[in-house]
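Presented below is the structure to which this report refers.
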Amino acid sequence: MASEAFRARDLSGSTFRDVSLRDAVMRGVDVDGLEIDAPWLLEEPGRLIVNGVDVAPLIDGELDRKFPGRALRRASSADGLRDAWAAVEQAWQSAVRRVEAMPSGSMDEQVGEEWSFAQTVRHLVMATDTWLRKAVLGVEQPYHPVGLPDTSFVEDGGGTAVFRVTHPDWAEVLQARGSRMRMVREFLETVTDDDLSATRPNPHAPEHQETVLSCVRTVLEEEWEHLRYATRDLDALDERALGGRTRLGSASRQRCS
């Protein structure tokens with residue numbers, strides 16, 4: 001598609017979803033409050049130049065600081081991957097405890113058009129099934145019925161009939177998630193460095209080969225990226241609840257004055 005030029009335009013409050021801004025150039029722009037979520041920026045690794053500074057490494061470092069254990073996702077040995085998965089499990093246990101301590105139903109609350117916490121967890125069940133059960137272990141029917149595929153799965157022709165549990169309760173979600181996390185842990189307990197160098201067909205493009213290491217790293221990337229999304233939205237729910245309490249408190253003070 002031909003590039004477009006935007007001059008003297010006010011795009012304040014605009015939303016861009018599933019669009020490519022690769023190599024876009026912005027000059028003399030007001031970006032106060034601009035929020036960007038670019039999950040693939042740090043995979044390539046990509047570059048994001050702001051006022052002459054590539055901020056991608058700074059973002060990566062800050063995310064590693066914010067999420068202890070995230071940096072271990074780059075592990076390349078069996079021992080390193082075992083440590084990396086232990087960090088994932090610990091981080092998600094903390095997130096689950098947090099959402100369960102919030103008002104009832106918080107795990108089903110959506111922020112904007114994003115998945116709820118429960119839906120995010122269901123997607124991770126599906127992601128584990130794709131990259132471990134299907135890609136690495138070669139299970140013919142790998143998917144748990146509680147799993148939740150994303151739109152790209154459907155667009156690529158993936159069948160969704162297997163995901164027949166469309167509205168599972170939280171206990172069902174936790175049970176499915178626990179079984180998949182245990183599966184990864186048990187796989188990593190016995191995997192060797194030689195095993196990691198073996199190749200498997202890419203689950204989305206079988207004509208291409210992936211190493212077992214690459215598949216496991218993809219599971220780790222999915223875990224940390226979706227924890228970031230979930231944490232961001234839990235923060236938003238906390239702010240929403242705090243705002244409600246603040247307004248209620250102000251109204252009470254007004255009635256008492």
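How things are named: the first chain in the structure tokens is A, the next is B, and so on; residues count from 1 in each chain; ligands count from 1 in the order shown.
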>> To test your reading of the structure, identify every residue in stretch 16-245 of chain A that backbone DSSP assigns to strand (DSSP E), and report it as a ChimeraX atom specification.
In response: /A:49-50,53-54,199-201,209-211
> From the set A:Ala127, A:Ala8, A:Ala86, A:Val19, which residue has the shortest atom-to-atom contact distance to A:His204, counting only C-alpha atoms?
Replying inline: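 Of A:Ala127, A:Ala8, A:Ala86, A:Val19, the one nearest A:His204, counting only C-alpha atoms, is A:Ala127.
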> Skipping near chain neighbours, those fewer than 6 positions away, what residues fall within 9 Å of stretch 158-174 of chain A using only C-alpha atoms, listed as JSON, numbers by chain?
Replying inline: {"A": [107, 108, 118, 119, 121, 122, 125, 141, 143, 144, 145, 146, 147, 148, 149, 152]}
Just N, CA, C and O atoms for this one: save the residues we selected as a PDB file, in the first residue's frame.
```pdb
ATOM      1  N   MET A 107     -11.692 -11.109  37.448  1.00  0.00           N
ATOM      2  CA  MET A 107     -10.991 -11.888  36.414  1.00  0.00           C
ATOM      3  C   MET A 107     -11.760 -11.933  35.098  1.00  0.00           C
ATOM      4  O   MET A 107     -11.210 -12.287  34.053  1.00  0.00           O
ATOM      5  N   ASP A 108     -13.039 -11.530  35.114  1.00  0.00           N
ATOM      6  CA  ASP A 108     -13.838 -11.502  33.887  1.00  0.00           C
ATOM      7  C   ASP A 108     -14.062 -10.091  33.352  1.00  0.00           C
ATOM      8  O   ASP A 108     -14.730  -9.914  32.323  1.00  0.00           O
ATOM      9  N   ALA A 118      -9.174 -13.780  32.784  1.00  0.00           N
ATOM     10  CA  ALA A 118      -9.506 -15.191  32.552  1.00  0.00           C
ATOM     11  C   ALA A 118      -9.308 -15.573  31.092  1.00  0.00           C
ATOM     12  O   ALA A 118      -8.809 -16.667  30.785  1.00  0.00           O
ATOM     13  N   GLN A 119      -9.686 -14.692  30.179  1.00  0.00           N
ATOM     14  CA  GLN A 119      -9.493 -14.987  28.762  1.00  0.00           C
ATOM     15  C   GLN A 119      -8.013 -15.065  28.395  1.00  0.00           C
ATOM     16  O   GLN A 119      -7.602 -15.892  27.578  1.00  0.00           O
ATOM     17  N   VAL A 121      -5.606 -16.033  30.394  1.00  0.00           N
ATOM     18  CA  VAL A 121      -5.133 -17.314  30.895  1.00  0.00           C
ATOM     19  C   VAL A 121      -5.571 -18.447  29.967  1.00  0.00           C
ATOM     20  O   VAL A 121      -4.804 -19.372  29.679  1.00  0.00           O
ATOM     21  N   ARG A 122      -6.800 -18.376  29.465  1.00  0.00           N
ATOM     22  CA  ARG A 122      -7.277 -19.391  28.527  1.00  0.00           C
ATOM     23  C   ARG A 122      -6.452 -19.387  27.235  1.00  0.00           C
ATOM     24  O   ARG A 122      -6.165 -20.451  26.659  1.00  0.00           O
ATOM     25  N   VAL A 125      -3.288 -21.297  27.718  1.00  0.00           N
ATOM     26  CA  VAL A 125      -3.510 -22.738  27.601  1.00  0.00           C
ATOM     27  C   VAL A 125      -3.379 -23.145  26.134  1.00  0.00           C
ATOM     28  O   VAL A 125      -2.700 -24.126  25.798  1.00  0.00           O
ATOM     29  N   GLN A 141      -4.069 -34.284  18.357  1.00  0.00           N
ATOM     30  CA  GLN A 141      -5.171 -33.423  18.786  1.00  0.00           C
ATOM     31  C   GLN A 141      -4.733 -32.715  20.066  1.00  0.00           C
ATOM     32  O   GLN A 141      -5.027 -33.178  21.166  1.00  0.00           O
ATOM     33  N   TYR A 143      -5.299 -29.662  21.507  1.00  0.00           N
ATOM     34  CA  TYR A 143      -5.931 -28.518  22.168  1.00  0.00           C
ATOM     35  C   TYR A 143      -6.921 -28.889  23.261  1.00  0.00           C
ATOM     36  O   TYR A 143      -7.769 -29.770  23.104  1.00  0.00           O
ATOM     37  N   HIS A 144      -6.797 -28.179  24.365  1.00  0.00           N
ATOM     38  CA  HIS A 144      -7.735 -28.296  25.480  1.00  0.00           C
ATOM     39  C   HIS A 144      -8.997 -27.505  25.123  1.00  0.00           C
ATOM     40  O   HIS A 144      -8.903 -26.403  24.578  1.00  0.00           O
ATOM     41  N   PRO A 145     -10.189 -28.025  25.435  1.00  0.00           N
ATOM     42  CA  PRO A 145     -11.424 -27.326  25.057  1.00  0.00           C
ATOM     43  C   PRO A 145     -11.621 -25.976  25.738  1.00  0.00           C
ATOM     44  O   PRO A 145     -12.395 -25.151  25.254  1.00  0.00           O
ATOM     45  N   VAL A 146     -10.900 -25.723  26.824  1.00  0.00           N
ATOM     46  CA  VAL A 146     -11.015 -24.436  27.518  1.00  0.00           C
ATOM     47  C   VAL A 146     -10.153 -23.363  26.850  1.00  0.00           C
ATOM     48  O   VAL A 146     -10.354 -22.169  27.063  1.00  0.00           O
ATOM     49  N   GLY A 147      -9.202 -23.771  26.001  1.00  0.00           N
ATOM     50  CA  GLY A 147      -8.301 -22.812  25.372  1.00  0.00           C
ATOM     51  C   GLY A 147      -9.028 -21.760  24.554  1.00  0.00           C
ATOM     52  O   GLY A 147     -10.171 -21.962  24.120  1.00  0.00           O
ATOM     53  N   LEU A 148      -8.362 -20.638  24.352  1.00  0.00           N
ATOM     54  CA  LEU A 148      -8.952 -19.521  23.601  1.00  0.00           C
ATOM     55  C   LEU A 148      -7.995 -19.083  22.502  1.00  0.00           C
ATOM     56  O   LEU A 148      -6.925 -18.531  22.784  1.00  0.00           O
ATOM     57  N   PRO A 149      -8.346 -19.306  21.234  1.00  0.00           N
ATOM     58  CA  PRO A 149      -7.473 -18.875  20.140  1.00  0.00           C
ATOM     59  C   PRO A 149      -7.619 -17.385  19.862  1.00  0.00           C
ATOM     60  O   PRO A 149      -8.636 -16.778  20.203  1.00  0.00           O
ATOM     61  N   SER A 152      -5.824 -14.467  14.665  1.00  0.00           N
ATOM     62  CA  SER A 152      -4.923 -14.961  13.624  1.00  0.00           C
ATOM     63  C   SER A 152      -5.075 -16.468  13.440  1.00  0.00           C
ATOM     64  O   SER A 152      -4.914 -16.987  12.331  1.00  0.00           O
TER      65      SER A 152
END
```
>> Measuring between only C-alpha atoms, which one of A:Gly28, A:Pro39, A:Pro68, A:Gly138 shows the shortest distance to A:Pro201?
In response: A:Gly138
